[in-house]
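For reference, the structure is listed below as structure tokens.
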Amino acid sequence: MHVGMKALKNKLRRVLAIDPGYDRLGIAVLEGDASKPIHVWSDCVIPPKGKKESRLAVVYKATADAIQEYNPDILALETLFFSSNKTTAIGVAEARGAVLAAAGAAEIPLQEYAPQQVKLAVTGYGASDKAAIARMIPHLITLPPKKRLDDELDAIALGIAGLADRRT
């Protein structure tokens, strides 16, 4: 095998995973593969209350800043889940748009995952609940100690799914 190809093959894959939200944006950077994911960074971005356009600008900026700082190979994003609350669904769709705009501006390839795919990647069961995912994450990846909101854990789980996906 050519040395350059071998180096490329051995390069750790880096995934920027985002759990989009209008009120809270879970964001995580993982690298490696699904058998040994490495936590690089994660956070939960909470846009200040106020005008819609200002909140979405925070979502865009957080995404663009993470892309610039961590140089991911792909962006893993959860598919839009339609709940019975249309106002929430519209806000999440708008936040997804801000994330997609930042990824598009940086020409980062996108990979989308349904909630069932994320659950399957993390727990092995596509109908797991949030508590099962939260319990399983520390068994799959070493996280620095800190209190994390569900949105941040959801982004970490999404990153694990992104690393498990062999399409990317």
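Every chain in the structure tokens has a letter given in the order shown (A, B, ...), and although residue numbers restart at 1 in each chain, ligands are simply numbered from 1 in the order shown.
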
Based on DSSP run over this structure's backbone, return all residues of chain A in strand (DSSP E), as number ranges by chain.
A: 13-19, 25-33, 36-45, 74-78, 110-113

Next, the residues of the selection above should be written as an mmCIF file, in the first residue's frame with N, CA and C atoms.
data_model
loop_
_atom_site.group_PDB
_atom_site.id
_atom_site.type_symbol
_atom_site.label_atom_id
_atom_site.label_comp_id
_atom_site.auth_asym_id
_atom_site.auth_seq_id
_atom_site.Cartn_x
_atom_site.Cartn_y
_atom_site.Cartn_z
ATOM 1 N N ARG A 13 -11.216 9.589 11.966
ATOM 2 C CA ARG A 13 -12.357 10.335 11.452
ATOM 3 C C ARG A 13 -12.859 11.268 12.520
ATOM 4 N N ARG A 14 -13.191 12.468 12.159
ATOM 5 C CA ARG A 14 -13.706 13.449 13.113
ATOM 6 C C ARG A 14 -15.111 13.846 12.699
ATOM 7 N N VAL A 15 -16.033 13.736 13.660
ATOM 8 C CA VAL A 15 -17.443 14.018 13.421
ATOM 9 C C VAL A 15 -17.876 15.193 14.299
ATOM 10 N N LEU A 16 -18.502 16.172 13.679
ATOM 11 C CA LEU A 16 -19.195 17.225 14.413
ATOM 12 C C LEU A 16 -20.651 16.796 14.445
ATOM 13 N N ALA A 17 -21.168 16.552 15.639
ATOM 14 C CA ALA A 17 -22.544 16.077 15.792
ATOM 15 C C ALA A 17 -23.373 17.154 16.465
ATOM 16 N N ILE A 18 -24.533 17.412 15.903
ATOM 17 C CA ILE A 18 -25.382 18.483 16.429
ATOM 18 C C ILE A 18 -26.803 17.981 16.612
ATOM 19 N N ASP A 19 -27.294 18.161 17.829
ATOM 20 C CA ASP A 19 -28.698 17.921 18.144
ATOM 21 C C ASP A 19 -29.352 19.297 18.061
ATOM 22 N N LEU A 25 -28.987 23.867 21.847
ATOM 23 C CA LEU A 25 -28.291 23.186 20.765
ATOM 24 C C LEU A 25 -27.219 22.297 21.380
ATOM 25 N N GLY A 26 -27.393 20.977 21.264
ATOM 26 C CA GLY A 26 -26.355 20.060 21.708
ATOM 27 C C GLY A 26 -25.316 19.941 20.611
ATOM 28 N N ILE A 27 -24.056 20.000 20.989
ATOM 29 C CA ILE A 27 -22.992 19.984 19.988
ATOM 30 C C ILE A 27 -21.818 19.178 20.544
ATOM 31 N N ALA A 28 -21.256 18.304 19.707
ATOM 32 C CA ALA A 28 -20.162 17.451 20.156
ATOM 33 C C ALA A 28 -19.215 17.163 18.997
ATOM 34 N N VAL A 29 -17.953 17.002 19.337
ATOM 35 C CA VAL A 29 -16.945 16.582 18.371
ATOM 36 C C VAL A 29 -16.346 15.290 18.904
ATOM 37 N N LEU A 30 -16.450 14.233 18.085
ATOM 38 C CA LEU A 30 -15.879 12.935 18.423
ATOM 39 C C LEU A 30 -14.969 12.520 17.281
ATOM 40 N N GLU A 31 -13.997 11.665 17.605
ATOM 41 C CA GLU A 31 -13.168 11.126 16.539
ATOM 42 C C GLU A 31 -12.843 9.677 16.821
ATOM 43 N N GLY A 32 -12.312 8.999 15.805
ATOM 44 C CA GLY A 32 -11.989 7.592 15.940
ATOM 45 C C GLY A 32 -12.971 6.762 15.156
ATOM 46 N N ASP A 33 -13.463 5.694 15.796
ATOM 47 C CA ASP A 33 -14.503 4.873 15.196
ATOM 48 C C ASP A 33 -15.448 4.420 16.298
ATOM 49 N N LYS A 36 -14.106 2.565 19.389
ATOM 50 C CA LYS A 36 -13.327 3.324 20.367
ATOM 51 C C LYS A 36 -13.477 4.826 20.089
ATOM 52 N N PRO A 37 -14.665 5.367 20.353
ATOM 53 C CA PRO A 37 -14.859 6.800 20.098
ATOM 54 C C PRO A 37 -14.079 7.638 21.111
ATOM 55 N N ILE A 38 -13.571 8.746 20.645
ATOM 56 C CA ILE A 38 -12.813 9.668 21.496
ATOM 57 C C ILE A 38 -13.578 10.982 21.573
ATOM 58 N N HIS A 39 -13.841 11.428 22.793
ATOM 59 C CA HIS A 39 -14.514 12.702 23.016
ATOM 60 C C HIS A 39 -13.480 13.815 22.864
ATOM 61 N N VAL A 40 -13.713 14.703 21.931
ATOM 62 C CA VAL A 40 -12.822 15.839 21.718
ATOM 63 C C VAL A 40 -13.363 17.058 22.463
ATOM 64 N N TRP A 41 -14.678 17.288 22.310
ATOM 65 C CA TRP A 41 -15.314 18.455 22.923
ATOM 66 C C TRP A 41 -16.819 18.315 22.795
ATOM 67 N N SER A 42 -17.530 18.859 23.756
ATOM 68 C CA SER A 42 -18.996 18.928 23.646
ATOM 69 C C SER A 42 -19.510 20.057 24.527
ATOM 70 N N ASP A 43 -20.717 20.492 24.208
ATOM 71 C CA ASP A 43 -21.326 21.587 24.958
ATOM 72 C C ASP A 43 -22.812 21.638 24.636
ATOM 73 N N CYS A 44 -23.498 22.453 25.377
ATOM 74 C CA CYS A 44 -24.884 22.765 25.091
ATOM 75 C C CYS A 44 -24.978 24.281 24.962
ATOM 76 N N VAL A 45 -25.335 24.737 23.791
ATOM 77 C CA VAL A 45 -25.439 26.170 23.513
ATOM 78 C C VAL A 45 -26.877 26.590 23.771
ATOM 79 N N ILE A 74 -17.131 15.183 8.767
ATOM 80 C CA ILE A 74 -18.556 15.181 8.446
ATOM 81 C C ILE A 74 -19.334 15.906 9.541
ATOM 82 N N LEU A 75 -20.537 16.294 9.195
ATOM 83 C CA LEU A 75 -21.490 16.822 10.160
ATOM 84 C C LEU A 75 -22.597 15.786 10.304
ATOM 85 N N ALA A 76 -22.787 15.292 11.515
ATOM 86 C CA ALA A 76 -23.879 14.356 11.805
ATOM 87 C C ALA A 76 -25.027 15.160 12.397
ATOM 88 N N LEU A 77 -26.195 15.013 11.809
ATOM 89 C CA LEU A 77 -27.350 15.798 12.219
ATOM 90 C C LEU A 77 -28.566 14.885 12.315
ATOM 91 N N GLU A 78 -29.340 15.077 13.367
ATOM 92 C CA GLU A 78 -30.539 14.260 13.517
ATOM 93 C C GLU A 78 -31.606 14.735 12.538
ATOM 94 N N LEU A 110 -22.634 16.279 4.896
ATOM 95 C CA LEU A 110 -23.709 16.060 5.866
ATOM 96 C C LEU A 110 -24.121 14.599 5.870
ATOM 97 N N GLN A 111 -24.341 14.072 7.065
ATOM 98 C CA GLN A 111 -24.920 12.744 7.211
ATOM 99 C C GLN A 111 -26.057 12.870 8.223
ATOM 100 N N GLU A 112 -27.265 12.484 7.834
ATOM 101 C CA GLU A 112 -28.420 12.605 8.718
ATOM 102 C C GLU A 112 -28.798 11.244 9.285
ATOM 103 N N TYR A 113 -29.274 11.264 10.531
ATOM 104 C CA TYR A 113 -29.641 10.039 11.230
ATOM 105 C C TYR A 113 -31.006 10.204 11.887
#

Residues within 6 Å of stretch 114-127 of chain A, please, as a ChimeraX atom specification. Count only C-alpha atoms; anything in the same chain fewer than 2 positions from it doesn't count.
/A:78-79,158,161

Filtering to N, CA and C atoms, could you give me those residues as a JSON list (two decimals), in the first residue's frame?
[["chain", "number", "residue", "atom", "x", "y", "z"],
["A", 78, "GLU", "N", -29.34, 15.08, 13.37],
["A", 78, "GLU", "CA", -30.54, 14.26, 13.52],
["A", 78, "GLU", "C", -31.61, 14.73, 12.54],
["A", 79, "THR", "N", -32.31, 13.77, 11.94],
["A", 79, "THR", "CA", -33.41, 14.12, 11.04],
["A", 79, "THR", "C", -34.50, 14.80, 11.87],
["A", 158, "LEU", "N", -25.29, 11.05, 18.88],
["A", 158, "LEU", "CA", -25.33, 11.25, 17.43],
["A", 158, "LEU", "C", -23.93, 11.12, 16.84],
["A", 161, "ALA", "N", -23.11, 7.52, 16.50],
["A", 161, "ALA", "CA", -23.78, 6.99, 15.30],
["A", 161, "ALA", "C", -23.01, 7.39, 14.05]]

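With only C-alpha atoms as the basis for measurement, A:Pro109 is the residue among A:Pro109, A:Pro145, A:Gly91, A:Gly104 that approaches A:Asp73 most closely.
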
Nearest residue to A:Leu149 from the set A:Leu100, A:Leu12, A:Ile46, A:Ala89 (distances using only C-alpha atoms)
A:Ile46

So how far away is atom CA of A:Leu153 from atom CA of A:Lys86, in Å?
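That distance, rounded to one decimal, is 24.1 Å.
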
In Å to one decimal, how far is atom CA of A:Thr63 from atom CA of A:Glu107?
12.7 Å

For A:Ile108, the nearest of the candidates A:Ile67, A:Glu94, A:Pro144, A:Lys52, counting only C-alpha atoms
A:Ile67

If we count only C-alpha atoms, what is near A:Arg96 at a cut-off of 8 Å, once residues fewer than 3 positions away on the same chain are taken out, given as an NGL selection string?
:A and (20-21 or 92-93 or 99-100)

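Here atom CA of A:Pro48 stands at a distance of 28.6 Å from atom CA of A:Ile137.
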
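Remark: for A:Gly97, the closest of the candidate residues A:Val59, A:Ala66, A:Ala34, A:Ala164 is A:Val59 (distances computed over only C-alpha atoms).
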
One residue among A:Ala132, A:Ala98, A:Ala64, A:Leu140 is nearest to A:Ile160 when using only C-alpha atoms, and that residue is A:Leu140

For the structure I just gave you, how does DSSP split chain A - specifically, which residues are alpha helix (DSSP H)? Reply as a VMD selection string.
chain A and resid 3 to 10 52 to 70 86 to 106 115 to 123 130 to 140 150 to 164
